[in-house]
Amino acid sequence: MTLYYGTSGQLARAALSDGLRPGTEDLGKWDKPPLPGRVYLSDGWLAPYYASCAVTDADPVMGLVEIDSTVLDRDKFVPDEDALNYIDVTKQLIDAGQAPRDLVQAHQALWGLSLMALGTCAYCGEVPAAAVRRIALVDTEDYPWYLWRAADTGVNRSAMVFLKDSYTALMQLAFGDPFFEPADCLDQFARRALQDMGDEKSELADSLRQMRDANEKMCREFVPQVFDRPLSIA
């Protein structure tokens with residue numbers, strides 16, 4: 001399984017040789033700090049959002065890290081505490097008054113369901129460089145629209161249902177995926193509205209078509225910056 005990590009450009013570059021270490025992000029971005037000693041990973045769609053949270057004036061580059069999970073110890077995977085709100089067995093306990101953060105270790109086996117429920121999970125300990133396949137860098141000074149698009153979501157089930165496809169497309173764009181289509185970067189509502197409108201002539205239809213065309217132009221002009229892990233690191 002391929003997993004992803006969103007971070008700063010500096011930490012993404014370091015991941016090629018040093019891997020990923022817990023606790024290296026700015027905890028001030030979140031309502032509650034992440035649980036200590038773990039690296040939070042995504043099936044792809046949330047990585048651009050996490051990377052957008054790491055952008056600063058000193059480092060305006062977003063970093064996306066692609067990880068081969070088969071290199072990692074499966075027993076060290078745990079669910080993301082936020083995902084436990086969307087898994088029946090743990091939601092019942094949460095509704096009964098238990099804190100999600102207190103349930104993570106006891107329900108370690110639910111990390112796969114965590115990915116299904118929210119697209120996220122966590123790994124206890126360091127992710128070694130041998131698990132890092134490649135990284136993608138996005139300079140937000142060159143592509144400010146990528147930052148705006150990546151930051152326009154949140155970590156919740158509703159966002160996953162409606163925005164997962166468009167955020168996965170942002171990942172594909174950053175890595176130069178040959179299967180990427182610019183239309184996929186439009187959110188679900190815009191794509192559906194354009195399909196329903198067909199050739200309709202109206203102010204709304206014209207506005208949506210202009211947004212589609214501008215989106216396609218930006219995507220076509222995007223130049224991926226992708227770096228593979230050196231073969232000497234195993």
# chains A, B, ... in the order shown; residues from 1 in each chain; ligands from 1
$ residues_around --residues "Asp102 (chain A)" --least-positions-apart "2" --cutoff "12 Å" --atoms "only C-alpha atoms" --output "PyMOL selection string"
chain A and resi 35+79-82+84+90+93-94+97-100+104-108
$ write_last_selection --atoms "C-alpha atoms" --output "short mmCIF file (atom, residue, chain, number, x, y, z; two decimals), in the first residue's frame"
data_model
loop_
_atom_site.label_atom_id
_atom_site.label_comp_id
_atom_site.auth_asym_id
_atom_site.auth_seq_id
_atom_site.Cartn_x
_atom_site.Cartn_y
_atom_site.Cartn_z
CA LEU A 35 -0.36 12.26 20.08
CA PRO A 79 -5.77 4.51 13.90
CA ASP A 80 -5.88 8.28 13.74
CA GLU A 81 -7.75 9.34 16.88
CA ASP A 82 -9.93 11.66 14.80
CA LEU A 84 -12.40 6.82 15.70
CA THR A 90 -15.27 3.19 18.93
CA LEU A 93 -17.46 4.33 23.38
CA ILE A 94 -16.90 7.98 22.50
CA GLY A 97 -17.92 9.61 27.29
CA GLN A 98 -14.51 8.13 26.49
CA ALA A 99 -11.93 10.36 24.83
CA PRO A 100 -10.84 9.23 21.35
CA VAL A 104 -6.11 4.44 20.11
CA GLN A 105 -3.77 1.81 21.57
CA ALA A 106 -6.54 -0.54 22.68
CA HIS A 107 -7.94 -0.51 19.13
CA GLN A 108 -4.66 -0.71 17.21
#
$ closest_atom_pairs --of "region 2-24 of chain A" --to "region 129-146 of chain A" --cutoff "8 Å" --atoms "only C-alpha atoms" --output "JSON lines"
{"residue": "A:Gly9", "atom": "CA", "partner": "A:Leu137", "partner_atom": "CA", "distance": 6.2}
{"residue": "A:Ala12", "atom": "CA", "partner": "A:Ile135", "partner_atom": "CA", "distance": 6.5}
{"residue": "A:Arg13", "atom": "CA", "partner": "A:Ile135", "partner_atom": "CA", "distance": 7.3}
{"residue": "A:Ala15", "atom": "CA", "partner": "A:Ala129", "partner_atom": "CA", "distance": 6.2}
{"residue": "A:Leu16", "atom": "CA", "partner": "A:Ala129", "partner_atom": "CA", "distance": 5.8}
{"residue": "A:Ser17", "atom": "CA", "partner": "A:Ala129", "partner_atom": "CA", "distance": 5.6}
{"residue": "A:Asp18", "atom": "CA", "partner": "A:Ala129", "partner_atom": "CA", "distance": 5.4}
{"residue": "A:Gly19", "atom": "CA", "partner": "A:Ala129", "partner_atom": "CA", "distance": 3.8}
{"residue": "A:Leu20", "atom": "CA", "partner": "A:Ala129", "partner_atom": "CA", "distance": 7.3}
$ atom_distance --atom1 "CA of Ser42 (chain A)" --atom2 "CA of Val78 (chain A)"
12.3 Å
$ select_by_dssp --residues "region 128-165 of chain A" --states "alpha helix (DSSP H)" --output "PDB file with C-alpha atoms, in the first residue's frame"
ATOM      1  CA  PRO A 144      -0.111  30.196  -5.079  1.00  0.00           C
ATOM      2  CA  TRP A 145      -3.326  28.654  -6.398  1.00  0.00           C
ATOM      3  CA  TYR A 146      -2.084  25.192  -5.344  1.00  0.00           C
ATOM      4  CA  LEU A 147      -1.763  26.405  -1.748  1.00  0.00           C
ATOM      5  CA  TRP A 148      -5.210  28.002  -1.808  1.00  0.00           C
ATOM      6  CA  ARG A 149      -6.750  24.828  -3.171  1.00  0.00           C
ATOM      7  CA  ALA A 150      -4.903  22.519  -0.771  1.00  0.00           C
ATOM      8  CA  ALA A 151      -5.807  24.590   2.285  1.00  0.00           C
ATOM      9  CA  ARG A 157     -15.798  12.841   7.078  1.00  0.00           C
ATOM     10  CA  SER A 158     -17.860  15.341   5.080  1.00  0.00           C
ATOM     11  CA  ALA A 159     -14.735  16.785   3.479  1.00  0.00           C
ATOM     12  CA  MET A 160     -13.574  13.286   2.566  1.00  0.00           C
ATOM     13  CA  VAL A 161     -16.891  12.392   0.934  1.00  0.00           C
ATOM     14  CA  PHE A 162     -17.111  15.544  -1.170  1.00  0.00           C
ATOM     15  CA  LEU A 163     -13.485  16.535  -1.757  1.00  0.00           C
ATOM     16  CA  LYS A 164     -11.430  13.327  -1.776  1.00  0.00           C
ATOM     17  CA  ASP A 165     -11.374  13.040  -5.572  1.00  0.00           C
TER      18      ASP A 165
END
$ residues_around --residues "Phe222 (chain A)" --least-positions-apart "3" --cutoff "9 Å" --atoms "only C-alpha atoms" --output "PyMOL selection string"
chain A and resi 143+173-174+217-219
$ select_by_dssp --residues "region 81-202 of chain A" --states "strand (DSSP E)" --output "PDB file with C-alpha atoms, in the first residue's frame"
ATOM      1  CA  THR A 120      -5.649   8.729   7.725  1.00  0.00           C
ATOM      2  CA  CYS A 121      -3.755   6.568  10.197  1.00  0.00           C
ATOM      3  CA  ALA A 122      -0.617   6.928  12.321  1.00  0.00           C
ATOM      4  CA  TYR A 123       2.682   5.094  12.610  1.00  0.00           C
ATOM      5  CA  CYS A 124       4.338   4.746  16.008  1.00  0.00           C
ATOM      6  CA  VAL A 132      10.388   6.735   1.296  1.00  0.00           C
ATOM      7  CA  ARG A 133       9.964   6.209  -2.447  1.00  0.00           C
ATOM      8  CA  ARG A 134      10.014   9.815  -3.629  1.00  0.00           C
ATOM      9  CA  ILE A 135       8.949  13.328  -2.764  1.00  0.00           C
ATOM     10  CA  ALA A 136       7.187  16.118  -4.640  1.00  0.00           C
ATOM     11  CA  LEU A 137       7.788  19.801  -3.948  1.00  0.00           C
ATOM     12  CA  VAL A 138       5.389  22.649  -4.739  1.00  0.00           C
ATOM     13  CA  ASP A 139       6.722  26.195  -4.470  1.00  0.00           C
TER      14      ASP A 139
END
$ closest_residue --among "A:Val39, A:Ala117, A:Gly23, A:Gly112" --to "Tyr5 (chain A)" --atoms "only C-alpha atoms"
A:Val39
$ closest_residue --among "A:Leu64, A:Val223, A:Val55, A:Leu113" --to "Gly6 (chain A)" --atoms "only C-alpha atoms"
A:Leu64
$ decode --residues "region 5-89 of chain A" --atoms "C-alpha atoms" --output "mmCIF file, in the first residue's frame"
data_model
loop_
_atom_site.group_PDB
_atom_site.id
_atom_site.type_symbol
_atom_site.label_atom_id
_atom_site.label_comp_id
_atom_site.auth_asym_id
_atom_site.auth_seq_id
_atom_site.Cartn_x
_atom_site.Cartn_y
_atom_site.Cartn_z
ATOM 1 C CA TYR A 5 2.798 12.504 4.244
ATOM 2 C CA GLY A 6 2.322 16.243 3.871
ATOM 3 C CA THR A 7 4.955 18.532 5.346
ATOM 4 C CA SER A 8 7.286 21.436 4.603
ATOM 5 C CA GLY A 9 9.679 21.427 1.695
ATOM 6 C CA GLN A 10 12.641 21.282 4.074
ATOM 7 C CA LEU A 11 11.390 18.200 5.917
ATOM 8 C CA ALA A 12 10.384 16.491 2.677
ATOM 9 C CA ARG A 13 13.907 16.902 1.306
ATOM 10 C CA ALA A 14 15.365 15.558 4.555
ATOM 11 C CA ALA A 15 13.030 12.539 4.382
ATOM 12 C CA LEU A 16 14.935 11.207 1.363
ATOM 13 C CA SER A 17 17.971 10.547 3.540
ATOM 14 C CA ASP A 18 16.673 10.669 7.120
ATOM 15 C CA GLY A 19 13.105 9.370 6.900
ATOM 16 C CA LEU A 20 10.309 10.922 8.947
ATOM 17 C CA ARG A 21 10.428 11.553 12.680
ATOM 18 C CA PRO A 22 7.470 12.151 15.014
ATOM 19 C CA GLY A 23 6.900 15.593 16.438
ATOM 20 C CA THR A 24 8.592 17.670 13.757
ATOM 21 C CA GLU A 25 5.539 19.701 12.727
ATOM 22 C CA ASP A 26 4.195 23.007 14.039
ATOM 23 C CA LEU A 27 1.657 21.838 16.623
ATOM 24 C CA GLY A 28 0.065 25.294 16.689
ATOM 25 C CA LYS A 29 -1.853 24.464 13.510
ATOM 26 C CA TRP A 30 -4.236 22.095 15.321
ATOM 27 C CA ASP A 31 -6.939 22.457 17.982
ATOM 28 C CA LYS A 32 -5.247 19.605 19.872
ATOM 29 C CA PRO A 33 -1.615 18.566 19.402
ATOM 30 C CA PRO A 34 -1.017 15.174 17.768
ATOM 31 C CA LEU A 35 -0.360 12.257 20.080
ATOM 32 C CA PRO A 36 3.380 12.009 20.776
ATOM 33 C CA GLY A 37 5.698 9.507 19.159
ATOM 34 C CA ARG A 38 3.811 8.971 15.910
ATOM 35 C CA VAL A 39 3.822 10.063 12.297
ATOM 36 C CA TYR A 40 0.394 10.747 10.806
ATOM 37 C CA LEU A 41 -0.044 9.343 7.291
ATOM 38 C CA SER A 42 -2.726 9.582 4.617
ATOM 39 C CA ASP A 43 -3.952 7.453 1.744
ATOM 40 C CA GLY A 44 -3.267 10.539 -0.344
ATOM 41 C CA TRP A 45 -6.136 12.959 -0.289
ATOM 42 C CA LEU A 46 -5.218 14.803 2.941
ATOM 43 C CA ALA A 47 -1.481 15.094 2.289
ATOM 44 C CA PRO A 48 -1.812 18.369 0.303
ATOM 45 C CA TYR A 49 -3.829 19.850 3.178
ATOM 46 C CA TYR A 50 -1.223 18.832 5.763
ATOM 47 C CA ALA A 51 1.502 20.267 3.536
ATOM 48 C CA SER A 52 -0.397 23.548 3.264
ATOM 49 C CA CYS A 53 -0.409 23.809 7.069
ATOM 50 C CA ALA A 54 3.401 23.592 7.076
ATOM 51 C CA VAL A 55 3.922 26.572 4.735
ATOM 52 C CA THR A 56 5.679 29.551 6.311
ATOM 53 C CA ASP A 57 7.297 32.752 5.079
ATOM 54 C CA ALA A 58 10.685 31.139 5.698
ATOM 55 C CA ASP A 59 9.766 27.979 3.784
ATOM 56 C CA PRO A 60 6.981 28.591 1.237
ATOM 57 C CA VAL A 61 7.477 25.145 -0.336
ATOM 58 C CA MET A 62 4.959 22.370 0.258
ATOM 59 C CA GLY A 63 6.422 18.879 0.577
ATOM 60 C CA LEU A 64 4.634 15.622 -0.270
ATOM 61 C CA VAL A 65 6.293 12.334 0.686
ATOM 62 C CA GLU A 66 5.339 9.018 -0.913
ATOM 63 C CA ILE A 67 5.797 6.009 1.378
ATOM 64 C CA ASP A 68 5.913 2.269 0.714
ATOM 65 C CA SER A 69 4.009 0.882 3.703
ATOM 66 C CA THR A 70 5.193 -2.684 3.037
ATOM 67 C CA VAL A 71 8.620 -1.645 4.368
ATOM 68 C CA LEU A 72 7.070 -0.647 7.696
ATOM 69 C CA ASP A 73 6.154 -2.786 10.716
ATOM 70 C CA ARG A 74 2.401 -3.425 10.538
ATOM 71 C CA ASP A 75 2.232 -3.762 14.330
ATOM 72 C CA LYS A 76 3.269 -0.125 14.681
ATOM 73 C CA PHE A 77 0.286 1.228 12.743
ATOM 74 C CA VAL A 78 -2.562 2.682 14.814
ATOM 75 C CA PRO A 79 -5.765 4.512 13.898
ATOM 76 C CA ASP A 80 -5.876 8.282 13.741
ATOM 77 C CA GLU A 81 -7.746 9.342 16.879
ATOM 78 C CA ASP A 82 -9.932 11.657 14.801
ATOM 79 C CA ALA A 83 -11.087 8.711 12.666
ATOM 80 C CA LEU A 84 -12.398 6.820 15.703
ATOM 81 C CA ASN A 85 -15.438 9.118 15.679
ATOM 82 C CA TYR A 86 -16.497 7.475 12.398
ATOM 83 C CA ILE A 87 -15.939 3.787 13.289
ATOM 84 C CA ASP A 88 -18.988 2.153 14.899
ATOM 85 C CA VAL A 89 -17.266 0.211 17.683
#
